[in-house]
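Novice: As input, take my_file_1.csv (CSV, C-alpha atoms):
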```
chain,number,residue,atom,x,y,z
A,28,PRO,CA,80.6,21.9,-27.5
A,29,ILE,CA,78.7,18.7,-28.5
A,30,LEU,CA,79.7,16.6,-25.5
A,31,LEU,CA,80.0,18.9,-22.5
A,32,GLU,CA,80.3,15.9,-20.1
A,33,LEU,CA,83.7,15.1,-21.6
A,34,SER,CA,85.8,17.7,-19.8
A,35,MET,CA,88.7,15.5,-18.9
A,36,ILE,CA,91.0,14.5,-21.8
A,37,ASN,CA,91.9,10.8,-22.0
A,38,LYS,CA,92.3,8.4,-24.8
A,39,GLU,CA,88.9,6.8,-24.5
A,40,ASN,CA,87.1,10.2,-24.5
A,41,ILE,CA,89.0,11.3,-27.6
A,42,ARG,CA,88.5,7.8,-29.2
A,43,GLN,CA,84.7,8.1,-28.6
A,44,VAL,CA,84.3,11.6,-30.1
A,45,VAL,CA,86.5,10.8,-33.2
A,46,SER,CA,85.0,7.3,-33.8
A,47,ASP,CA,81.5,8.7,-33.8
A,48,GLU,CA,82.5,11.2,-36.4
A,49,LEU,CA,84.4,8.7,-38.6
A,50,GLU,CA,81.7,6.0,-38.5
A,51,GLY,CA,80.8,4.9,-42.0
A,52,THR,CA,83.5,7.0,-43.7
A,53,GLY,CA,86.1,4.2,-44.1
A,54,THR,CA,88.6,6.3,-42.1
A,55,VAL,CA,89.9,4.6,-38.9
A,56,ILE,CA,91.9,5.6,-35.8
A,57,VAL,CA,95.3,3.9,-36.0
A,58,ASP,CA,96.6,5.3,-32.7
A,59,ILE,CA,96.0,7.9,-30.0
A,60,HIS,CA,98.9,9.0,-27.9
A,61,ILE,CA,98.7,11.4,-25.0
A,62,SER,CA,102.0,12.4,-23.4
A,63,ASN,CA,102.6,13.3,-19.7
A,64,SER,CA,102.7,17.0,-20.9
A,65,ASN,CA,99.2,16.7,-22.6
A,66,ASN,CA,100.5,16.5,-26.1
A,67,ILE,CA,97.9,14.6,-28.0
A,68,LYS,CA,98.6,12.8,-31.3
A,69,VAL,CA,95.8,11.2,-33.3
A,70,VAL,CA,96.8,9.1,-36.3
A,71,LEU,CA,94.2,8.2,-38.9
A,72,ASP,CA,94.2,6.0,-42.0
A,73,SER,CA,91.9,4.6,-44.8
A,74,PHE,CA,92.3,2.6,-48.0
A,75,GLU,CA,92.5,5.9,-49.9
A,76,GLY,CA,94.8,7.6,-47.3
A,77,VAL,CA,93.8,10.7,-45.3
A,78,ASN,CA,94.0,14.2,-46.7
A,79,ILE,CA,94.7,17.5,-44.9
A,80,ASP,CA,91.0,18.5,-44.9
A,81,GLU,CA,90.1,15.3,-43.0
A,82,CYS,CA,92.8,16.1,-40.4
A,83,VAL,CA,91.6,19.7,-40.1
A,84,LYS,CA,88.0,18.4,-39.6
A,85,ILE,CA,89.1,16.1,-36.8
A,86,ASN,CA,91.3,18.7,-35.2
A,87,ARG,CA,88.3,21.1,-35.0
A,88,LEU,CA,86.1,18.4,-33.7
A,89,ILE,CA,88.4,17.7,-30.8
A,90,GLU,CA,89.0,21.3,-30.1
A,91,GLY,CA,85.2,21.8,-30.1
A,92,ASN,CA,84.7,19.1,-27.5
A,93,PHE,CA,87.7,19.7,-25.2
A,94,ASP,CA,88.2,23.2,-23.9
A,95,ARG,CA,91.8,24.3,-24.1
A,96,ASP,CA,91.1,26.8,-21.2
A,97,VAL,CA,90.1,23.8,-19.0
A,98,GLU,CA,92.7,21.3,-20.3
A,99,ASP,CA,96.0,22.8,-21.5
A,100,TYR,CA,96.9,20.6,-24.5
A,101,GLN,CA,98.8,20.5,-27.8
A,102,LEU,CA,97.0,18.7,-30.6
A,103,GLU,CA,98.4,16.9,-33.7
A,104,ILE,CA,96.2,15.0,-36.2
A,105,SER,CA,98.1,13.1,-38.9
A,106,SER,CA,97.7,10.4,-41.5
A,107,TYR,CA,99.5,7.1,-41.2
A,108,GLY,CA,102.9,7.4,-42.9
A,109,ILE,CA,104.2,5.1,-45.7
A,110,SER,CA,107.4,4.3,-43.7
A,111,GLN,CA,105.7,3.3,-40.5
A,112,THR,CA,105.2,-0.3,-39.5
A,113,PHE,CA,101.8,-2.0,-39.9
A,114,ILE,CA,99.7,-1.7,-36.8
A,115,ILE,CA,96.1,-2.6,-37.8
A,116,PRO,CA,94.6,-5.1,-40.3
A,117,LEU,CA,93.8,-2.3,-42.7
A,118,HIS,CA,97.6,-1.8,-43.2
A,119,TYR,CA,98.0,-5.4,-44.5
A,120,LEU,CA,94.8,-5.2,-46.6
A,121,LYS,CA,95.6,-2.0,-48.3
A,122,ASN,CA,99.1,-3.2,-49.2
A,123,MET,CA,98.0,-6.4,-50.9
A,124,ASN,CA,100.2,-7.2,-54.0
A,125,ARG,CA,102.8,-4.7,-52.8
A,126,LEU,CA,106.4,-5.4,-51.7
A,127,VAL,CA,106.6,-5.7,-47.9
A,128,GLU,CA,109.3,-6.6,-45.4
A,129,ILE,CA,108.4,-8.9,-42.5
A,130,HIS,CA,110.7,-9.0,-39.5
A,131,GLN,CA,110.1,-12.3,-37.6
A,132,LYS,CA,110.6,-12.6,-33.9
A,133,GLN,CA,113.4,-15.2,-34.4
A,134,GLY,CA,115.4,-12.6,-36.4
A,135,LYS,CA,114.6,-13.6,-40.0
A,136,ILE,CA,113.6,-11.0,-42.4
A,137,ILE,CA,111.3,-11.9,-45.3
A,138,LYS,CA,110.9,-9.6,-48.3
A,139,GLY,CA,108.3,-10.3,-50.9
A,140,THR,CA,104.9,-9.5,-52.3
A,141,LEU,CA,102.0,-9.6,-49.8
A,142,LYS,CA,99.6,-12.1,-51.4
A,143,SER,CA,97.0,-12.9,-48.8
A,144,VAL,CA,95.8,-12.1,-45.3
A,145,GLU,CA,93.5,-14.0,-43.0
A,146,LEU,CA,91.7,-11.9,-40.5
A,147,SER,CA,90.4,-13.0,-37.1
A,148,GLU,CA,86.6,-13.6,-36.8
A,149,ASP,CA,86.0,-10.1,-35.4
A,150,LYS,CA,88.2,-8.6,-38.1
A,151,LYS,CA,90.2,-6.7,-35.5
A,152,ASP,CA,93.4,-8.7,-36.0
A,153,ILE,CA,95.2,-10.9,-38.5
A,154,ASN,CA,95.8,-14.7,-38.1
A,155,TRP,CA,98.4,-15.1,-40.8
A,156,ILE,CA,99.8,-13.6,-44.0
A,157,GLU,CA,101.3,-15.1,-47.1
A,158,ILE,CA,104.3,-13.6,-48.8
A,159,SER,CA,105.4,-14.5,-52.4
A,160,ASN,CA,109.0,-14.1,-53.5
A,161,ASN,CA,111.0,-15.5,-56.4
A,162,LYS,CA,113.8,-17.9,-55.6
A,163,LYS,CA,116.4,-19.3,-57.9
A,164,ILE,CA,116.9,-23.1,-57.7
A,165,LYS,CA,119.3,-25.4,-59.5
A,166,GLU,CA,117.3,-28.1,-61.2
A,167,GLU,CA,118.9,-31.4,-61.8
A,168,GLY,CA,120.3,-31.8,-65.3
A,169,LYS,CA,120.1,-28.0,-66.1
A,170,LYS,CA,123.0,-25.6,-66.2
A,171,LYS,CA,121.1,-22.4,-65.4
A,172,LYS,CA,119.2,-21.8,-62.2
A,173,THR,CA,115.4,-21.6,-62.6
A,174,GLU,CA,113.3,-18.9,-60.9
A,175,VAL,CA,110.3,-20.3,-59.0
A,176,GLU,CA,107.7,-18.6,-56.9
A,177,GLU,CA,107.8,-19.4,-53.2
A,178,ILE,CA,104.8,-18.8,-51.0
A,179,ILE,CA,105.7,-18.3,-47.3
A,180,ARG,CA,102.9,-18.3,-44.7
A,181,VAL,CA,103.7,-16.3,-41.6
A,182,GLN,CA,101.6,-16.6,-38.5
A,183,LYS,CA,100.7,-13.5,-36.5
A,184,GLY,CA,102.6,-14.7,-33.5
A,185,GLU,CA,105.8,-14.9,-35.6
A,186,ILE,CA,105.7,-11.3,-36.8
A,187,GLN,CA,107.8,-8.7,-34.9
A,188,LYS,CA,107.0,-6.0,-37.3
A,189,ALA,CA,105.9,-5.5,-40.9
A,190,ARG,CA,106.2,-2.6,-43.2
A,191,LEU,CA,105.8,-1.5,-46.8
A,192,VAL,CA,109.0,-1.4,-48.9
A,193,PRO,CA,108.7,1.8,-51.0
A,194,VAL,CA,109.5,1.2,-54.7
A,195,PHE,CA,110.5,4.2,-56.7
```
Once you've parsed the file, please lay out its structure as structure tokens.

Specialist:
Amino acid sequence: PILLELSMINKENIRQVVSDELEGTGTVIVDIHISNSNNIKVVLDSFEGVNIDECVKINRLIEGNFDRDVEDYQLEISSYGISQTFIIPLHYLKNMNRLVEIHQKQGKIIKGTLKSVELSEDKKDINWIEISNNKKIKEEGKKKKTEVEEIIRVQKGEIQKARLVPVF
């Protein structure tokens, strides 16, 4: 094992081992969950997605650093799924110009194309997003409604959850 001093399994020890391996690759840790029964789930993502070979590599890395004979655990490494809600700024950035659904805390749901994202200074969070959707309005003196683009800015604090809307 590379890191013998990491005999106890906890999120931060796993995060450190995996982060060191992923540094500079463009792949990031989305989530690490350890259940009370020592079931470990590590979720990864990147702009290009995460393939099975990358998951196998991280699985072997963790198994090589944390002895199953010392710590009895189950391990699952997976890529971030298309139907899951956005968690990190990468999810917003990689879904630019795609159809998204934003659930606001006050109950309103906005569906539209994700047009822009402003990140916080440290790039670890978002400040706001802008969604574009087409809206039909009745113009004075015209019989037919006209379709116009509406840009809606949603502040981070207003977002309950956001997700990609798959288009088939």

Novice: Rank nothing, just name the residue among A:Phe195, A:Tyr100, A:Phe113, A:Tyr107 nearest to Asn65 of chain A, using all atoms listed in the file.

Specialist: A:Tyr100

Novice: Measuring atom to atom with only C-alpha atoms, identify which of A:Ser64, A:Ser73, A:Gln101, A:Asn161 is nearest to Glu176 of chain A.

Specialist: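 Counting only C-alpha atoms, the residue closest to Glu176 of chain A is A:Asn161.
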
Novice: From the options A:Asp94, A:Glu177, A:Glu145, A:Tyr119, which residue's atoms come nearest to Ile164 of chain A, counting only C-alpha atoms?

Specialist: A:Glu177

Novice: Residues within 9 Å of Ile67 of chain A, please, as a list in words. Count only C-alpha atoms; anything in the same chain fewer than 5 positions from it doesn't count.

Specialist: Lys38, Ile59, His60, Ile61, Ser62, Tyr100, Gln101, Leu102, Glu103 and Ile104 of chain A

Novice: So that I can see what lies close to Ile36 of chain A, please list as a PDB file with C-alpha atoms, in the coordinates of the input the residues with an atom at most 8 Å from it, counting all atoms listed in the file and leaving out residues fewer than 3 positions away in the same chain.

Specialist:
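Writing done, so here's around_21.pdb:
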```
ATOM      1  CA  LEU A  33      83.700  15.100 -21.600  1.00  0.00           C
ATOM      2  CA  ASN A  40      87.100  10.200 -24.500  1.00  0.00           C
ATOM      3  CA  ILE A  41      89.000  11.300 -27.600  1.00  0.00           C
ATOM      4  CA  PHE A  93      87.700  19.700 -25.200  1.00  0.00           C
ATOM      5  CA  GLU A  98      92.700  21.300 -20.300  1.00  0.00           C
TER       6      GLU A  98
END
```

Novice: Identify the residues within 9 Å of coordinate (85.7, 9.9, -33.5) (same frame as the file), considering all atoms listed in the file, and give the answer as a PyMOL selection string.

Specialist: chain A and resi 41-50+55-56+85+88-89

Novice: Could you name the residues that touch Pro116 of chain A at 8 Å or less, counting all atoms listed in the file, but leaving out those on the same chain fewer than 4 positions away, as a PDB file with C-alpha atoms, keeping the file's coordinate frame?

Specialist:
```pdb
ATOM      1  CA  LEU A 120      94.800  -5.200 -46.600  1.00  0.00           C
ATOM      2  CA  LEU A 146      91.700 -11.900 -40.500  1.00  0.00           C
ATOM      3  CA  LYS A 150      88.200  -8.600 -38.100  1.00  0.00           C
ATOM      4  CA  LYS A 151      90.200  -6.700 -35.500  1.00  0.00           C
ATOM      5  CA  ASP A 152      93.400  -8.700 -36.000  1.00  0.00           C
ATOM      6  CA  ILE A 153      95.200 -10.900 -38.500  1.00  0.00           C
TER       7      ILE A 153
END
```

Novice: Work out how far atom CA of Ala189 of chain A is from atom CA of Thr112 of chain A, in Å to one decimal.

Specialist: 5.4 Å

Novice: With distances taken over all atoms listed in the file, which of A:Ile156, A:Leu141, A:Leu71, A:Val194 is nearest to Met123 of chain A?

Specialist: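 Closest to Met123 of chain A, using all atoms listed in the file: A:Leu141.
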
Novice: Within 10 Å of Lys138 of chain A, counting all atoms listed in the file, which residues qualify if same-chain residues fewer than 5 places away don't, as number ranges by chain?

Specialist: A: 126-130, 158-160, 189-192

Novice: One decimal, in Å: what's the spacing between atom CA of Leu117 of chain A and atom CA of Gly91 of chain A?

Specialist: 28.5 Å

Novice: Provide the atom CA of Ile114 of chain A to atom CA of Val181 of chain A distance in Å, to one decimal place.

Specialist: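 Rounded to one decimal, the two atoms are 15.9 Å apart.
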
Novice: May I ask which of the residues A:Gly76, A:Gly184, A:Gly168, A:Gly139 is the closest one to Gly53 of chain A, counting all atoms listed in the file?

Specialist: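 Under the stated criterion, the closest residue is A:Gly76.
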
Novice: With distances taken over only C-alpha atoms, which residue among A:Lys188, A:Lys142, A:Ser106, A:Asp96 lies nearest Val83 of chain A?

Specialist: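 Among the listed residues, the smallest separation from Val83 of chain A belongs to A:Ser106.
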